[in-house]
Every structure is written in C-alpha cells, then in structure tokens.
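Asks: Okay, so here is query-v3.txt, and as you'll see once you scroll down, it has compact mmCIF, C-alpha atoms and all ligand atoms.
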```
# COMPACT_ATOMS: atom_id res chain seq x y z
CA MET A 197 -9.02 -111.10 120.35
CA LYS A 198 -12.44 -109.94 119.18
CA ALA A 199 -13.20 -106.22 119.14
CA LEU A 200 -16.20 -104.24 117.96
CA LEU A 201 -14.96 -101.74 115.39
CA CYS A 202 -17.13 -98.75 114.61
CA PHE A 203 -16.60 -97.62 111.00
CA SER A 204 -19.53 -95.20 110.89
CA GLN A 205 -22.84 -94.64 112.64
CA ASN A 206 -24.32 -97.53 110.65
CA GLU A 207 -21.39 -99.87 110.29
CA PHE A 208 -20.02 -102.02 113.08
CA LYS A 209 -17.92 -105.16 112.68
CA LEU A 210 -16.66 -107.67 115.16
CA GLU A 211 -13.05 -108.13 114.04
CA GLU A 212 -9.90 -109.82 115.21
CA ILE A 213 -7.30 -107.36 116.58
CA ASP A 214 -4.12 -107.82 118.65
CA LYS A 215 -4.60 -108.45 122.34
CA PRO A 216 -2.93 -105.60 124.29
CA GLU A 217 0.52 -106.36 125.73
CA ILE A 218 1.21 -105.27 129.28
CA GLN A 219 4.31 -103.78 130.95
CA LYS A 220 5.45 -104.50 134.49
CA ASP A 221 3.15 -101.85 136.06
CA GLU A 222 0.05 -102.72 134.04
CA MET A 223 -2.80 -105.23 134.08
CA LEU A 224 -4.75 -107.08 131.44
CA ILE A 225 -8.49 -107.32 132.08
CA GLU A 226 -10.75 -109.85 130.45
CA MET A 227 -14.06 -108.08 129.89
CA ILE A 228 -17.21 -109.63 131.35
CA TYR A 229 -19.84 -106.92 130.82
CA THR A 230 -19.83 -103.52 129.20
CA GLY A 231 -22.57 -100.95 128.78
CA LEU A 232 -23.30 -98.45 126.04
CA CYS A 233 -23.16 -94.91 127.43
CA GLY A 234 -24.81 -91.83 125.94
CA SER A 235 -21.35 -90.35 125.42
CA ASP A 236 -20.39 -93.36 123.25
CA ILE A 237 -23.46 -92.66 121.14
CA VAL A 238 -22.36 -89.03 120.75
CA LYS A 239 -18.94 -90.26 119.51
CA ILE A 240 -20.48 -92.82 117.15
CA PHE A 241 -22.54 -90.08 115.48
CA ASP A 242 -19.87 -87.34 115.57
CA PRO A 243 -18.26 -87.08 112.10
CA VAL A 244 -15.20 -85.40 113.65
CA VAL A 245 -14.32 -88.43 115.83
CA LYS A 246 -11.76 -90.64 114.06
CA LYS A 247 -12.98 -94.05 112.87
CA PRO A 248 -12.65 -97.01 112.73
CA ALA A 249 -12.39 -97.05 116.51
CA VAL A 250 -13.09 -99.26 119.49
CA PHE A 251 -15.38 -97.27 121.80
CA GLY A 252 -16.76 -98.05 125.25
CA HIS A 253 -15.62 -97.19 128.75
CA GLU A 254 -17.96 -99.00 131.13
CA VAL A 255 -15.97 -101.94 132.40
CA VAL A 256 -16.74 -104.97 134.49
CA GLY A 257 -14.01 -107.54 134.02
CA ARG A 258 -11.73 -110.15 135.47
CA VAL A 259 -8.00 -109.67 136.00
CA ALA A 260 -6.34 -111.93 133.42
CA GLU A 261 -2.70 -110.96 133.91
CA THR A 262 -0.77 -108.63 136.22
CA GLY A 263 2.62 -107.06 135.56
CA ARG A 264 5.27 -108.10 138.07
CA ASN A 265 5.21 -104.74 139.91
CA VAL A 266 1.45 -104.71 140.38
CA THR A 267 0.31 -105.14 143.96
CA GLY A 268 -3.19 -105.40 145.39
CA PHE A 269 -4.67 -107.32 142.46
CA LYS A 270 -4.31 -110.90 141.29
CA SER A 271 -5.56 -113.01 138.40
CA GLY A 272 -9.23 -113.82 138.77
CA ASP A 273 -10.18 -110.69 140.76
CA ILE A 274 -13.40 -109.10 139.49
CA VAL A 275 -12.88 -105.39 138.94
CA VAL A 276 -14.57 -102.24 137.70
CA THR A 277 -12.59 -99.29 136.43
CA GLY A 278 -12.97 -95.68 135.35
CA HIS A 279 -11.31 -94.46 132.17
CA HIS A 280 -9.94 -90.94 132.92
CA ILE A 281 -7.49 -89.96 135.65
CA PRO A 282 -6.72 -86.43 136.88
CA CYS A 283 -3.10 -85.49 137.65
CA TYR A 284 -4.02 -83.89 141.03
CA ARG A 285 -1.26 -81.27 140.51
CA CYS A 286 -2.26 -78.91 137.71
CA HIS A 287 -4.10 -75.60 137.96
CA TYR A 288 -7.42 -77.31 137.13
CA CYS A 289 -7.01 -80.10 139.66
CA LEU A 290 -5.95 -77.67 142.40
CA HIS A 291 -9.19 -75.74 141.75
CA GLY A 292 -11.40 -78.83 141.91
CA SER A 293 -11.91 -78.91 138.12
CA HIS A 294 -10.53 -82.46 137.89
CA SER A 295 -12.44 -83.34 134.75
CA MET A 296 -10.91 -80.32 132.99
CA CYS A 297 -7.36 -81.55 133.72
CA ARG A 298 -5.42 -82.11 130.48
CA HIS A 299 -4.06 -85.40 131.81
CA PHE A 300 -7.63 -86.47 132.61
CA LYS A 301 -8.66 -85.88 129.01
CA GLU A 302 -5.63 -87.75 127.62
CA THR A 303 -5.83 -90.87 129.78
CA ASN A 304 -8.01 -93.78 128.72
CA ILE A 305 -8.32 -97.52 128.91
CA TYR A 306 -6.89 -99.34 125.89
CA PRO A 307 -8.34 -100.01 123.38
CA GLY A 308 -11.91 -99.41 124.67
CA SER A 309 -14.38 -101.62 126.50
CA PHE A 310 -16.13 -103.03 123.41
CA CYS A 311 -13.65 -105.90 123.09
CA GLN A 312 -12.39 -109.00 124.90
CA TYR A 313 -9.33 -107.64 126.73
CA ILE A 314 -8.29 -104.19 127.89
CA ARG A 315 -5.06 -102.87 129.32
CA LEU A 316 -5.02 -100.78 132.49
CA SER A 317 -2.13 -98.41 133.18
CA LYS A 318 -0.38 -97.97 136.51
CA GLU A 319 -2.50 -94.88 137.19
CA HIS A 320 -5.74 -96.67 136.39
CA ILE A 321 -4.75 -99.39 138.81
CA MET A 322 -3.88 -96.83 141.50
CA TYR A 323 -6.85 -94.49 141.21
CA THR A 324 -9.85 -95.88 139.35
CA THR A 325 -9.82 -99.68 139.62
CA PHE A 326 -11.85 -101.33 142.37
CA LYS A 327 -12.24 -104.96 143.26
CA VAL A 328 -15.88 -105.89 143.59
CA SER A 329 -16.93 -108.56 146.02
CA PRO A 330 -18.38 -111.78 144.57
CA ASP A 331 -21.84 -110.95 145.95
CA PHE A 332 -21.94 -107.66 144.00
CA ASN A 333 -24.47 -107.84 141.16
CA LEU A 334 -22.11 -107.46 138.21
CA LEU A 335 -24.77 -105.97 135.96
CA GLU A 336 -25.34 -103.26 138.56
CA ALA A 337 -21.60 -102.63 138.64
CA LEU A 338 -21.98 -101.17 135.13
CA PHE A 339 -23.83 -98.24 136.67
CA ILE A 340 -20.90 -97.13 138.83
CA GLU A 341 -19.44 -94.86 136.15
CA PRO A 342 -22.68 -93.09 135.13
CA LEU A 343 -23.69 -92.73 138.78
CA ALA A 344 -20.27 -91.24 139.56
CA CYS A 345 -20.89 -88.56 136.91
CA CYS A 346 -24.22 -87.71 138.57
CA ILE A 347 -22.58 -87.57 142.02
CA ARG A 348 -20.05 -85.09 140.68
CA ALA A 349 -22.92 -82.92 139.40
CA MET A 350 -24.67 -83.09 142.78
CA ASP A 351 -21.40 -82.09 144.50
CA ARG A 352 -21.11 -79.04 142.29
CA ILE A 353 -24.70 -77.91 142.86
CA ASP A 354 -25.38 -75.81 145.93
CA SER A 355 -28.60 -77.23 147.42
CA SER A 356 -30.39 -77.61 150.74
CA GLU A 357 -32.66 -80.25 152.21
CA ASN A 358 -36.19 -80.16 150.78
CA ASP A 359 -35.14 -78.18 147.69
CA LEU A 360 -37.25 -78.84 144.61
CA PHE A 361 -35.32 -80.18 141.61
CA SER A 362 -36.55 -80.69 138.09
CA VAL A 363 -34.97 -83.66 136.34
CA VAL A 364 -35.40 -83.21 132.61
CA GLY A 365 -35.16 -86.48 130.69
CA THR A 366 -35.79 -89.77 132.46
CA GLY A 367 -33.32 -92.06 130.76
CA ILE A 368 -30.60 -93.77 132.81
CA ILE A 369 -29.10 -90.46 133.93
CA GLY A 370 -32.44 -88.95 134.93
CA MET A 371 -33.38 -92.07 136.90
CA LEU A 372 -30.04 -92.01 138.72
CA PHE A 373 -30.43 -88.31 139.54
CA ILE A 374 -33.94 -88.83 140.92
CA GLN A 375 -32.60 -91.40 143.35
CA LEU A 376 -29.55 -89.34 144.34
CA ILE A 377 -31.78 -86.33 145.01
CA LYS A 378 -34.01 -88.48 147.22
CA LEU A 379 -30.92 -89.68 149.11
CA SER A 380 -30.01 -86.04 149.75
CA ARG A 381 -33.60 -85.34 150.89
CA GLY A 382 -34.61 -83.18 147.97
CA ARG A 383 -37.91 -83.27 146.07
CA VAL A 384 -38.22 -84.03 142.37
CA VAL A 385 -40.34 -83.02 139.39
CA ALA A 386 -39.51 -85.42 136.55
CA ILE A 387 -40.08 -84.13 133.02
CA ASP A 388 -40.16 -86.36 129.94
CA LEU A 389 -42.19 -86.90 126.77
CA ASP A 390 -42.66 -90.60 127.55
CA ASP A 391 -45.41 -91.51 130.04
CA LYS A 392 -44.03 -94.99 130.68
CA ARG A 393 -40.71 -93.56 131.75
CA LEU A 394 -42.49 -90.97 133.88
CA SER A 395 -44.37 -93.66 135.76
CA LEU A 396 -41.08 -95.39 136.56
CA ALA A 397 -39.69 -91.99 137.63
CA GLY A 398 -42.60 -91.81 140.08
CA LEU A 399 -41.84 -95.28 141.42
CA LEU A 400 -38.20 -94.33 141.92
CA GLY A 401 -39.13 -91.31 143.99
CA ALA A 402 -40.21 -88.34 141.84
CA GLU A 403 -43.07 -86.59 143.68
CA TYR A 404 -44.36 -84.96 140.50
CA THR A 405 -44.18 -85.83 136.81
CA ILE A 406 -44.91 -83.66 133.78
CA ASN A 407 -45.20 -84.64 130.12
CA PRO A 408 -44.67 -81.41 128.12
CA PHE A 409 -46.49 -82.99 125.14
CA LYS A 410 -49.63 -82.95 127.25
CA LYS A 411 -49.22 -80.19 129.79
CA ASN A 412 -47.75 -76.71 129.93
CA ILE A 413 -44.63 -77.13 132.07
CA VAL A 414 -44.49 -73.60 133.43
CA ARG A 415 -48.15 -73.65 134.45
CA GLU A 416 -47.86 -77.13 136.00
CA ILE A 417 -44.84 -76.07 138.02
CA LYS A 418 -46.68 -72.95 139.20
CA ASN A 419 -49.31 -75.32 140.62
CA ILE A 420 -46.64 -77.23 142.53
CA THR A 421 -44.72 -74.23 143.82
CA ALA A 422 -45.49 -70.54 143.61
CA VAL A 423 -41.78 -69.74 143.98
CA GLY A 424 -40.39 -71.97 141.24
CA VAL A 425 -37.94 -74.84 141.04
CA ASP A 426 -34.67 -74.41 142.94
CA ILE A 427 -32.48 -76.47 140.64
CA ALA A 428 -33.05 -77.80 137.13
CA ILE A 429 -30.93 -80.71 135.92
CA LEU A 430 -30.95 -81.11 132.16
CA SER A 431 -30.01 -84.59 131.02
CA VAL A 432 -31.44 -83.42 127.70
CA THR A 433 -30.09 -80.02 126.65
CA ASN A 434 -31.74 -78.06 123.86
CA LYS A 435 -33.42 -74.70 123.30
CA TYR A 436 -36.72 -75.99 124.69
CA THR A 437 -35.43 -77.64 127.84
CA LEU A 438 -33.09 -74.76 128.71
CA ASN A 439 -35.52 -71.95 127.99
CA ASP A 440 -38.33 -73.74 129.84
CA ALA A 441 -36.02 -74.19 132.81
CA LEU A 442 -35.13 -70.50 132.83
CA LEU A 443 -38.87 -69.75 132.98
CA TYR A 444 -39.80 -72.15 135.78
CA LEU A 445 -36.72 -71.67 137.98
CA ARG A 446 -37.15 -69.55 141.07
CA ASP A 447 -35.29 -66.24 141.19
CA GLY A 448 -31.73 -67.10 142.20
CA GLY A 449 -32.13 -70.68 140.93
CA THR A 450 -29.61 -72.85 139.10
CA VAL A 451 -29.69 -74.91 135.95
CA ASN A 452 -27.13 -77.67 135.52
CA ILE A 453 -26.33 -78.69 131.95
CA PHE A 454 -25.62 -82.40 132.21
CA GLY A 455 -26.48 -83.75 128.76
CA ALA A 456 -24.56 -82.88 125.59
CA SER A 457 -26.59 -80.61 123.32
CA GLY A 458 -25.12 -82.05 120.12
CA LYS A 459 -25.41 -80.17 116.84
CA GLU A 460 -28.04 -77.66 117.91
CA SER A 461 -25.96 -76.09 120.62
CA ARG A 462 -26.49 -72.45 119.63
CA PHE A 463 -29.75 -70.77 120.46
CA GLU A 464 -31.15 -67.61 121.98
CA VAL A 465 -31.32 -67.18 125.72
CA ASP A 466 -32.76 -64.19 127.59
CA PHE A 467 -29.69 -62.84 129.37
CA GLU A 468 -31.54 -59.83 130.71
CA SER A 469 -33.68 -62.17 132.77
CA ILE A 470 -30.64 -64.21 133.86
CA TYR A 471 -29.05 -60.98 135.08
CA LYS A 472 -32.06 -59.51 136.84
CA ARG A 473 -33.16 -62.80 138.40
CA GLU A 474 -29.65 -63.90 139.41
CA LEU A 475 -30.00 -67.22 137.62
CA THR A 476 -27.00 -69.52 137.37
CA ILE A 477 -26.25 -71.70 134.35
CA MET A 478 -23.59 -74.26 135.16
CA SER A 479 -22.51 -77.62 133.85
CA SER A 480 -20.81 -80.72 135.07
CA TYR A 481 -18.76 -83.13 133.07
CA SER A 482 -17.65 -86.69 133.77
CA ALA A 483 -16.59 -88.33 137.03
CA THR A 484 -13.52 -88.42 139.26
CA PRO A 485 -11.82 -91.32 141.08
CA GLU A 486 -13.38 -90.04 144.29
CA THR A 487 -16.96 -90.00 142.93
CA LEU A 488 -16.39 -93.44 141.38
CA ARG A 489 -15.62 -94.79 144.83
CA ARG A 490 -18.74 -93.19 146.30
CA ALA A 491 -20.86 -94.55 143.44
CA HIS A 492 -19.45 -98.00 144.13
CA ASP A 493 -20.39 -97.68 147.81
CA ILE A 494 -23.94 -96.49 147.06
CA ILE A 495 -24.57 -99.40 144.70
CA ALA A 496 -22.87 -101.94 146.96
CA GLY A 497 -24.99 -100.64 149.85
CA LYS A 498 -28.14 -101.14 147.73
CA LYS A 499 -29.16 -97.54 148.37
CA ILE A 500 -30.62 -97.13 144.90
CA ASN A 501 -32.82 -99.35 142.77
CA LEU A 502 -31.23 -100.31 139.46
CA SER A 503 -33.19 -103.41 138.55
CA PRO A 504 -35.90 -101.62 136.48
CA LEU A 505 -33.12 -100.08 134.36
CA ILE A 506 -31.56 -103.41 133.42
CA SER A 507 -33.03 -105.34 130.51
CA GLU A 508 -31.72 -108.08 128.27
CA VAL A 509 -28.00 -108.74 128.06
CA MET A 510 -26.79 -109.09 124.48
CA PRO A 511 -23.66 -110.54 122.90
CA LEU A 512 -21.31 -107.90 121.48
CA SER A 513 -22.18 -109.17 117.98
CA ASP A 514 -25.64 -107.62 118.58
CA PHE A 515 -24.13 -104.17 119.11
CA LYS A 516 -26.20 -102.49 116.38
CA LYS A 517 -29.38 -103.99 117.79
CA GLY A 518 -28.52 -102.68 121.26
CA LEU A 519 -27.73 -99.23 119.88
CA ASP A 520 -31.02 -99.11 117.96
CA LEU A 521 -33.05 -100.24 120.97
CA MET A 522 -31.46 -97.48 123.01
CA LEU A 523 -31.98 -94.83 120.33
CA LYS A 524 -35.62 -95.85 120.02
CA ARG A 525 -35.90 -95.63 123.81
CA LYS A 526 -37.06 -99.24 124.02
CA ILE A 527 -34.44 -99.99 126.68
CA TYR A 528 -32.62 -97.77 129.16
CA LYS A 529 -29.19 -99.19 128.56
CA ALA A 530 -27.67 -101.64 126.11
CA ILE A 531 -25.62 -104.17 128.06
CA PHE A 532 -23.24 -106.56 126.35
CA LYS A 533 -21.68 -109.76 127.63
CA LEU A 534 -18.26 -110.66 126.28
ZN ZN A 601 -20.23 -92.90 130.38
ZN ZN A 602 -4.63 -82.06 136.67
```
What do you get writing this file as structure tokens?
Ligand SMILES: [Zn+2]
Ligand SMILES: [Zn+2]

Replies:
Amino acid sequence: MKALLCFSQNEFKLEEIDKPEIQKDEMLIEMIYTGLCGSDIVKIFDPVVKKPAVFGHEVVGRVAETGRNVTGFKSGDIVVTGHHIPCYRCHYCLHGSHSMCRHFKETNIYPGSFCQYIRLSKEHIMYTTFKVSPDFNLLEALFIEPLACCIRAMDRIDSSENDLFSVVGTGIIGMLFIQLIKLSRGRVVAIDLDDKRLSLAGLLGAEYTINPFKKNIVREIKNITAVGVDIAILSVTNKYTLNDALLYLRDGGTVNIFGASGKESRFEVDFESIYKRELTIMSSYSATPETLRRAHDIIAGKKINLSPLISEVMPLSDFKKGLDLMLKRKIYKAIFKL
C-alpha cells in the first residue's frame, strides 16, 4: 500500500509499504480522508522524533476487513476513530487525567493516518471508533478529533454563563473554541495578527476582535470590560501571548495553555502577580473517548459551522504543498483524500 513517509521537515515521499495484517480482534480500515493536525506539524519539525515515520491521526475511513471476533462493525461501514485510549484503571484515569494515562500515551493507530490502510486494535474498536451515518459530511468528520480536544479543555475550565473568554489564535482550534464558547453561552474576544481570520472569527460568534499588531491588547480589553477577561485560551503559547493574558485577566482569572509552545518554552513570568491576584495557569492536552463522542454529536447535530474552515482537498502526493499552505496560513487545514 502507499504511505507518506516523512524523512525530515522538508522531505516527504509516497512509498510502498506492507499493508497491516489484522488479528481476530482487529479491523483494517481503508482511509478515505485524513487531515493534518498542528500536533503532526510539531512532530514533523521536532528533531527528537524518530524518522522516517508515517504520521497522522485524523481518520475517516471505510471498514475493509474485520477479524472474526469483531462485532458491531462490518465491511463497508464508514468510521471515524481516535488514536489514544486510556486504561480507565490507573491512578491518572481514576483522577480524571485520562490523557496523562501511560496506556493512553502508548496506544496508537497503526501505522498512522497518512497512508491507504490502518489497523485498529480491539480497544480502538471498543472505545474510540464510531460509525458515521451516510448523510454525515465526511470532510466535517475530520474535525471530530480536534473538536474533542477543545471540549476536554472546556470541561476542565471552571466557567459560568456570560463569562468573557479571550481566544488567542484563530486557526482551526481558535475557531472551534469560539463556537464551543458560544454554545455554552459565553462571550468571546478573538485575538490574532491576521485581520481576515479575525473577520471570520466575528462571523462565527466572537463579539470582539483585536489585532495586537494594530492595537494595544490590554487597553482594548479595558474598553470592553473594566474587570478583565475571565478565561484566556491560548491556542498560541509564547512569552507574548501568556504575559499579555496575565495582564488582561481579571483577578482570580484562568489561563488555559492549549497550544504547544515549541522551542521557546522558557520565559519570565511575574509570579508575584499570579500569587497576589490568585491567577490560575492550567493546560489541557488531547481528547478522550468520551469527548470524541460528544464532538461527533455536536458535528452531526450541525451545532457548529465548519464549512468556512474547509478548503481544497488534495491527494496525499501533495502533502508538502498542504503543509506549506498551512504553515503560511493560507488555509486552515490541509485535507487529503486517499
Ligand atoms: Zn490532532
Ligand atoms: Zn489509565
């Protein structure tokens, strides 16, 4: 079968590799669509991650083969799946930290979604694989996994109706957060350096938008609310976005680190002010089977608008082009058809 091998951040080749074999409890999925996630980009650029490798974890596919013990699925079913599975028994799982579970971190689809066929384990079939109905827009199904990560973040944040959120960065994740916050009756200030993206953020529900290239964020937020923002969600994490957030948060407010900070992850933060103002810095990482299911239901119920986030669909042979378009912020998400 064909698979997209990543040799380095600049070198990708579509090569022939062995199709995965399945055991009696497993399934073989023929990929239909896959999306490029920000976390794949982090891995592509991380020199520590072993290469060559087949990356990708956003899966929309068709069941090609089922092991003889598999029930509930048959050849031809259209499915989506999540890649990590918590054990539900360990210390982390019992404390609600499912994405910190060691089993969660070890489990994955094989070999990765950037290829023609993937193998799903018994646990994937049990916990993270959902049949999607034929009337489900399959391109929208690619957003189940990223939306599930955002739902997990919203679950972890303590918020009330009418709270004011800042959403920093209006890529895919920011646009999903804006719509989730609206569903939970919050208000949104969207912050980004790109005016075009900010105008879409407004269309998707953000009451206020700020471009820090043009306006002073702290002053602008003072004009919106004398108290400050209740919750800041950073889909872009760096010394500017975090320190700005700590300035414009209300006393007692919370900042959620959602985006990886990459290489520049060490910088100065005013801990005296965090202490005296009772600020909370928290993070949230990945999704769980339960948030995947809720993300599926939100998208199936057409409760959020994904169509402006979907652009051209490329063949996997155009992987580099898709990556570049995403890095240059020309598209929100690179989507590949197998
Ligand atoms: Zn992802
Ligand atoms: Zn566990």

Asks: Any idea what the distance is between CA of Leu360 (chain A) and CA of Asp391 (chain A)?

Replies: 21.0 Å

Asks: Name the residues in contact with Val259 (chain A) at a cut-off of 7 Å, using all atoms listed in the file, excluding same-chain residues fewer than 6 positions from it; report them as a tab-separated table (two decimals) with C-alpha atoms, keeping the file's coordinate frame.

Replies:
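Written output follows (around27.tsv):
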```
chain	number	residue	atom	x	y	z
A	224	LEU	CA	-4.75	-107.08	131.44
A	225	ILE	CA	-8.49	-107.32	132.08
A	226	GLU	CA	-10.75	-109.85	130.45
A	270	LYS	CA	-4.31	-110.90	141.29
A	271	SER	CA	-5.56	-113.01	138.40
A	272	GLY	CA	-9.23	-113.82	138.77
A	273	ASP	CA	-10.18	-110.69	140.76
A	274	ILE	CA	-13.40	-109.10	139.49
```

Asks: Which value, in Å to one decimal, gives the distance between CA of Val385 (chain A) and CA of Ala496 (chain A)?

Replies: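 Between these atoms lies a distance of 26.8 Å.
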
Asks: As a ChimeraX atom specification, please: the residues near region 368-378 of chain A (cut-off 7 Å, all atoms listed in the file, same-chain neighbours under 4 positions excluded).

Replies: /A:343,346,363-364,382-384,397,400-402,431,500,505,528

Asks: Please provide the set of residues having any atom within 7 Å of region 473-482 of chain A, restricted to only C-alpha atoms, with same-chain residues fewer than 3 positions apart removed, written as a list in words.

Replies: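 Those residues are Ser295, Cys345, Ala349, Asp447, Gly448, Gly449, Thr450, Val451, Asn452, Ile453, Phe454, Ser469 and Ile470 of chain A.
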
Asks: Counting all atoms listed in the file, name the residues that have an atom within 9 Å of an atom of ligand ZN 602 (chain A); the answer should be given as a ChimeraX atom specification.

Replies: /A:281-290,293-300

Asks: Write the residues of the selection above to a file with C-alpha atoms, as a compact mmCIF listing (two decimals), in the frame of the given file.

Replies:
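result.txt was written with the following content:
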```txt
# COMPACT_ATOMS: atom_id res chain seq x y z
CA ILE A 281 -7.49 -89.96 135.65
CA PRO A 282 -6.72 -86.43 136.88
CA CYS A 283 -3.10 -85.49 137.65
CA TYR A 284 -4.02 -83.89 141.03
CA ARG A 285 -1.26 -81.27 140.51
CA CYS A 286 -2.26 -78.91 137.71
CA HIS A 287 -4.10 -75.60 137.96
CA TYR A 288 -7.42 -77.31 137.13
CA CYS A 289 -7.01 -80.10 139.66
CA LEU A 290 -5.95 -77.67 142.40
CA SER A 293 -11.91 -78.91 138.12
CA HIS A 294 -10.53 -82.46 137.89
CA SER A 295 -12.44 -83.34 134.75
CA MET A 296 -10.91 -80.32 132.99
CA CYS A 297 -7.36 -81.55 133.72
CA ARG A 298 -5.42 -82.11 130.48
CA HIS A 299 -4.06 -85.40 131.81
CA PHE A 300 -7.63 -86.47 132.61
```

Asks: Using only C-alpha atoms and all ligand atoms, what table do you get, as JSON lines, when you list each residue of chain A with an atom no more than 8 Å from ligand ZN 601 (chain A), its nearest pair of atoms, and their distance in Å rounded to one decimal, rows by chain then rising number?

Replies:
```
{"residue": "A:Leu232", "atom": "CA", "partner": "A:ZN601", "partner_atom": "ZN", "distance": 7.7}
{"residue": "A:Cys233", "atom": "CA", "partner": "A:ZN601", "partner_atom": "ZN", "distance": 4.6}
{"residue": "A:Gly234", "atom": "CA", "partner": "A:ZN601", "partner_atom": "ZN", "distance": 6.5}
{"residue": "A:Ser235", "atom": "CA", "partner": "A:ZN601", "partner_atom": "ZN", "distance": 5.7}
{"residue": "A:Asp236", "atom": "CA", "partner": "A:ZN601", "partner_atom": "ZN", "distance": 7.1}
{"residue": "A:His253", "atom": "CA", "partner": "A:ZN601", "partner_atom": "ZN", "distance": 6.5}
{"residue": "A:Glu254", "atom": "CA", "partner": "A:ZN601", "partner_atom": "ZN", "distance": 6.6}
{"residue": "A:Glu341", "atom": "CA", "partner": "A:ZN601", "partner_atom": "ZN", "distance": 6.1}
{"residue": "A:Pro342", "atom": "CA", "partner": "A:ZN601", "partner_atom": "ZN", "distance": 5.3}
{"residue": "A:Cys345", "atom": "CA", "partner": "A:ZN601", "partner_atom": "ZN", "distance": 7.9}
{"residue": "A:Ser482", "atom": "CA", "partner": "A:ZN601", "partner_atom": "ZN", "distance": 7.5}
```

Asks: Using all atoms listed in the file, can you tell me which of A:Lys499, A:Lys392, A:Lys246, A:His492 comes closest to Asn407 (chain A)?

Replies: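 Ranked by minimum distance to Asn407 (chain A), first place goes to A:Lys392.
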
Asks: Hey, can you check how far CA of Asp388 (chain A) sits from CA of Gly367 (chain A)?

Replies: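 For CA of Asp388 (chain A) relative to CA of Gly367 (chain A), the distance reads 8.9 Å.
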
Asks: Nearest to Pro248 (chain A): which of A:Lys209, A:Arg490, A:His280, A:Lys533 is it, counting all atoms listed in the file?

Replies: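 Closest residue, counting all atoms listed in the file: A:Lys209.
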
Asks: Pick out the closest residue to Asp214 (chain A) from this set: A:Ser362, A:Thr267, A:Gln312, A:Leu502. Count all atoms listed in the file.

Replies: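 Of A:Ser362, A:Thr267, A:Gln312, A:Leu502, the one nearest Asp214 (chain A) is A:Gln312, counting all atoms listed in the file.
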
Asks: Counting all atoms listed in the file, which residue out of A:Gln219, A:Ser317, A:Gln205, A:Ser329 sits closest to Lys239 (chain A)?

Replies: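 Smallest distance to Lys239 (chain A) is found for A:Gln205.
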